[in-house]
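upload-v8.txt follows; it contains compact mmCIF, C-alpha atoms.
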```
# COMPACT_ATOMS: atom_id res chain seq x y z
CA MET A 28 99.81 20.38 -83.65
CA ARG A 29 102.13 17.93 -85.41
CA LYS A 30 104.94 19.21 -87.59
CA ASN A 31 106.49 16.09 -89.13
CA SER A 32 108.85 17.93 -91.46
CA TYR A 33 110.45 20.04 -88.73
CA LYS A 34 114.07 19.36 -87.76
CA LEU A 35 114.65 19.02 -84.01
CA TYR A 36 117.52 20.96 -82.44
CA ARG A 37 118.31 20.08 -78.82
CA ILE A 38 120.10 22.85 -76.95
CA VAL A 39 121.44 22.90 -73.41
CA SER A 40 122.33 26.07 -71.47
CA GLY A 41 123.68 26.91 -68.06
CA VAL A 42 122.72 29.71 -65.69
CA ILE A 43 125.79 30.50 -63.60
CA ILE A 44 125.21 33.05 -60.84
CA SER A 45 127.73 34.57 -58.43
CA ASP A 46 127.44 37.70 -56.29
CA ASN A 47 124.16 38.79 -57.94
CA LYS A 48 125.78 38.48 -61.37
CA ILE A 49 125.11 36.02 -64.19
CA LEU A 50 127.76 34.74 -66.57
CA LEU A 51 127.04 35.50 -70.25
CA VAL A 52 128.88 34.76 -73.46
CA GLN A 53 128.99 36.83 -76.61
CA ASN A 54 128.89 34.81 -79.82
CA LYS A 55 129.63 35.85 -83.36
CA ASP A 56 127.11 34.19 -85.67
CA GLU A 57 127.52 33.20 -89.31
CA TYR A 58 126.11 36.60 -90.41
CA GLY A 59 128.65 38.60 -88.41
CA ASN A 60 126.18 39.55 -85.66
CA TYR A 61 127.39 39.66 -82.05
CA LEU A 62 124.85 38.00 -79.78
CA TRP A 63 124.79 37.63 -75.99
CA SER A 64 123.49 34.40 -74.49
CA LEU A 65 123.83 31.92 -71.69
CA PRO A 66 126.74 29.53 -72.11
CA GLY A 67 125.60 26.39 -73.89
CA GLY A 68 124.99 24.88 -77.27
CA VAL A 69 123.75 21.99 -79.36
CA VAL A 70 123.48 18.53 -77.85
CA GLU A 71 125.43 16.23 -80.16
CA ASP A 72 124.07 12.91 -81.46
CA GLY A 73 124.30 10.22 -78.78
CA GLU A 74 125.16 12.77 -76.08
CA SER A 75 123.19 13.06 -72.84
CA LEU A 76 121.98 16.46 -71.64
CA GLU A 77 124.38 16.23 -68.70
CA ASP A 78 127.38 15.42 -70.90
CA ALA A 79 126.45 18.22 -73.31
CA LEU A 80 126.10 20.71 -70.46
CA ILE A 81 129.50 19.79 -69.01
CA ARG A 82 131.15 19.96 -72.46
CA GLU A 83 129.51 23.24 -73.51
CA ILE A 84 130.25 25.05 -70.24
CA TYR A 85 133.88 23.98 -70.47
CA GLU A 86 134.16 24.96 -74.15
CA GLU A 87 132.45 28.32 -73.80
CA VAL A 88 133.74 29.59 -70.44
CA GLY A 89 136.62 27.22 -69.59
CA LEU A 90 135.08 26.12 -66.28
CA LYS A 91 134.12 22.71 -64.90
CA VAL A 92 130.56 22.00 -63.75
CA LYS A 93 130.42 21.06 -60.08
CA GLU A 94 126.64 20.79 -59.64
CA LYS A 95 123.61 21.24 -61.84
CA GLN A 96 119.86 21.45 -61.40
CA LEU A 97 117.20 21.54 -64.11
CA ILE A 98 115.40 24.88 -63.96
CA TYR A 99 113.33 25.16 -67.15
CA ILE A 100 112.65 23.85 -70.61
CA HIS A 101 111.67 26.16 -73.44
CA GLU A 102 110.35 24.73 -76.68
CA SER A 103 109.90 26.72 -79.87
CA PHE A 104 108.65 26.01 -83.36
CA ILE A 105 110.13 28.25 -86.05
CA PRO A 106 107.98 27.87 -89.18
CA GLU A 107 110.25 30.00 -91.39
CA HIS A 108 113.06 27.46 -90.84
CA SER A 109 110.92 24.32 -90.34
CA ALA A 110 112.69 23.93 -87.01
CA GLN A 111 111.77 22.76 -83.54
CA ILE A 112 114.09 24.01 -80.80
CA LEU A 113 114.11 22.29 -77.41
CA VAL A 114 116.21 24.24 -74.91
CA THR A 115 116.95 22.62 -71.56
CA VAL A 116 118.36 25.06 -69.01
CA PHE A 117 120.20 24.15 -65.81
CA GLN A 118 121.37 26.23 -62.90
CA VAL A 119 125.06 25.43 -62.66
CA THR A 120 127.61 25.67 -59.88
CA ILE A 121 131.14 25.75 -61.21
CA ASN A 122 134.52 24.98 -59.72
CA ASP A 123 136.63 28.01 -58.90
CA GLY A 124 138.39 29.71 -61.75
CA ASN A 125 138.31 32.68 -64.05
CA PRO A 126 135.93 32.30 -66.98
CA LYS A 127 137.49 32.63 -70.41
CA PRO A 128 136.59 31.23 -73.81
CA ASN A 129 137.96 27.75 -74.41
CA ASP A 130 136.03 27.44 -77.66
CA PRO A 131 137.36 25.11 -80.35
CA ASP A 132 134.81 26.54 -82.83
CA GLU A 133 136.03 30.11 -82.16
CA GLU A 134 132.47 31.43 -81.92
CA ILE A 135 132.81 32.99 -78.46
CA VAL A 136 134.04 36.59 -78.59
CA GLN A 137 133.93 37.33 -74.86
CA VAL A 138 132.71 36.12 -71.49
CA LYS A 139 131.27 38.61 -69.01
CA TRP A 140 129.69 38.70 -65.55
CA VAL A 141 126.58 40.89 -65.77
CA LEU A 142 124.39 42.15 -62.95
CA ILE A 143 121.16 40.14 -62.94
CA ASN A 144 119.14 43.36 -63.23
CA ASP A 145 121.06 44.26 -66.42
CA VAL A 146 120.62 40.95 -68.28
CA GLN A 147 117.80 42.37 -70.44
CA ASN A 148 120.31 44.88 -71.84
CA TYR A 149 122.44 42.02 -73.16
CA ILE A 150 120.08 39.15 -74.01
CA THR A 151 117.46 40.79 -76.19
CA HIS A 152 115.85 38.01 -78.23
CA SER A 153 112.51 37.07 -76.66
CA ALA A 154 113.05 33.31 -77.12
CA VAL A 155 116.00 33.53 -74.73
CA ALA A 156 115.16 36.59 -72.65
CA SER A 157 111.55 35.80 -71.70
CA PRO A 158 112.02 32.37 -70.12
CA LEU A 159 115.23 33.49 -68.40
CA LYS A 160 113.47 36.55 -66.98
CA ARG A 161 110.60 34.38 -65.77
CA TRP A 162 112.96 32.03 -63.96
CA LEU A 163 115.05 34.84 -62.45
CA GLU A 164 111.86 36.43 -61.06
CA THR A 165 110.25 33.25 -59.68
CA ARG A 166 113.15 30.79 -59.23
CA LYS A 167 110.61 28.05 -60.00
CA SER A 168 111.00 25.33 -62.64
CA PHE A 169 108.68 25.44 -65.66
CA TYR A 170 108.08 24.42 -69.26
CA SER A 171 107.11 27.00 -71.89
CA LEU A 172 106.11 26.72 -75.52
CA ASP A 173 106.22 29.14 -78.43
CA ASN A 174 104.35 27.60 -81.37
CA ASN A 175 105.18 30.33 -83.86
CA LEU A 176 108.53 31.91 -83.09
CA THR A 177 109.90 34.36 -85.64
CA TRP A 178 113.66 34.23 -85.78
CA ASP A 179 114.37 37.86 -86.62
CA TYR A 180 117.44 38.17 -84.47
CA LYS A 181 119.44 41.10 -85.78
CA GLU A 182 121.82 42.54 -83.25
CA SER A 183 125.31 43.90 -83.47
CA ASP A 184 127.72 45.38 -81.01
```

Show this structure as structure tokens.
Amino acid sequence: MRKNSYKLYRIVSGVIISDNKILLVQNKDEYGNYLWSLPGGVVEDGESLEDALIREIYEEVGLKVKEKQLIYIHESFIPEHSAQILVTVFQVTINDGNPKPNDPDEEIVQVKWVLINDVQNYITHSAVASPLKRWLETRKSFYSLDNNLTWDYKESD
């Protein structure tokens, strides 16, 4: 299935786990919704995935990446926006420090350690929640594809 008119968005995210907790960020989107997600963001033009991961983790949680390992890739096509989203997710080990937003875009509202078993109460959009849940349950790398994602994300807090 070829979608020539779709715009490609490359996203990188980090899974940071400590003491059976995962580090999440709460973003405020352009519509005023408060959304929980993994720390990460858009890969900029000319930027490698590694450089984007290091930059985004530092910007969103103020911590430096020590080690990283590719854990999954999730690709989605969103017909309503003529968009193709390619999310590359790494398990990240960070240097010691207290996480806090260091966000120049001022999109991050808060940073929070959440018990792994409670992640589904925070990250509710299936495009993010489903692949993360799959990895947390199996701890095996994978690629997944959603050919017809509906972006109906309406959440507030």

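Proximity ranking of A:Ile38, A:Ser157, A:Gln118, A:Val136 relative to Asp72 of chain A places A:Ile38 first, based on all atoms listed in the file.
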
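Between atom CA of Ser171 of chain A and atom CA of Gln137 of chain A the separation is 28.9 Å.
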
(request) Might you pull out every residue within 8 Å of segment 161-169 of chain A, with only C-alpha atoms counted and same-chain residues fewer than 5 positions away left off, and present them as number ranges by chain? (result) A: 97-100

Quick one: write out the picked residues with C-alpha atoms as an mmCIF file, in the frame of the given file?
```cif
data_model
loop_
_atom_site.group_PDB
_atom_site.id
_atom_site.type_symbol
_atom_site.label_atom_id
_atom_site.label_comp_id
_atom_site.auth_asym_id
_atom_site.auth_seq_id
_atom_site.Cartn_x
_atom_site.Cartn_y
_atom_site.Cartn_z
ATOM 1 C CA LEU A 97 117.200 21.540 -64.110
ATOM 2 C CA ILE A 98 115.400 24.880 -63.960
ATOM 3 C CA TYR A 99 113.330 25.160 -67.150
ATOM 4 C CA ILE A 100 112.650 23.850 -70.610
#
```

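Across the structure, atom CA of Ala79 of chain A and atom CA of Gly67 of chain A are spaced 8.2 Å apart.
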
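The two atoms in question, atom CA of Ile43 of chain A and atom CA of Lys91 of chain A, are spaced 11.5 Å apart.
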
(request) Around the point (131.9, 40.7, -82.0) in the file's coordinates, collect all residues with an atom within 12 Å, using all atoms listed in the file, and return them as a count of residues only. (result) 21

Exercise: His108 of chain A partners within 12 Å, all atoms listed in the file, chain neighbours under 3 positions left out, as a CSV table (one decimal) with C-alpha atoms, in the coordinates of the input:
```
chain,number,residue,atom,x,y,z
A,32,SER,CA,108.8,17.9,-91.5
A,33,TYR,CA,110.4,20.0,-88.7
A,34,LYS,CA,114.1,19.4,-87.8
A,35,LEU,CA,114.6,19.0,-84.0
A,36,TYR,CA,117.5,21.0,-82.4
A,103,SER,CA,109.9,26.7,-79.9
A,104,PHE,CA,108.6,26.0,-83.4
A,105,ILE,CA,110.1,28.2,-86.0
A,111,GLN,CA,111.8,22.8,-83.5
A,112,ILE,CA,114.1,24.0,-80.8
A,175,ASN,CA,105.2,30.3,-83.9
A,176,LEU,CA,108.5,31.9,-83.1
A,177,THR,CA,109.9,34.4,-85.6
A,178,TRP,CA,113.7,34.2,-85.8
A,179,ASP,CA,114.4,37.9,-86.6
```

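Shortest atom-to-atom contact with Leu172 of chain A among A:His101, A:Lys48, A:Lys30, A:Lys127: A:His101, counting all atoms listed in the file.
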
(request) Extract, using all atoms listed in the file, all DNA, RNA and protein residues at most 12 Å from Asn47 of chain A, discarding same-chain residues fewer than 4 positions from it, and format them as a ChimeraX atom specification. (result) /A:43,140-146,163

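You can rank A:Arg37, A:Asn148, A:Glu94, A:Tyr170 by their closest distance to Gly73 of chain A using all atoms listed in the file, and at the top of that list sits A:Arg37.
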
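In terms of minimum interatomic distance to Asn122 of chain A, A:Tyr85 ranks closest within A:Ser75, A:Ala110, A:Tyr85, A:Pro158, counting all atoms listed in the file.
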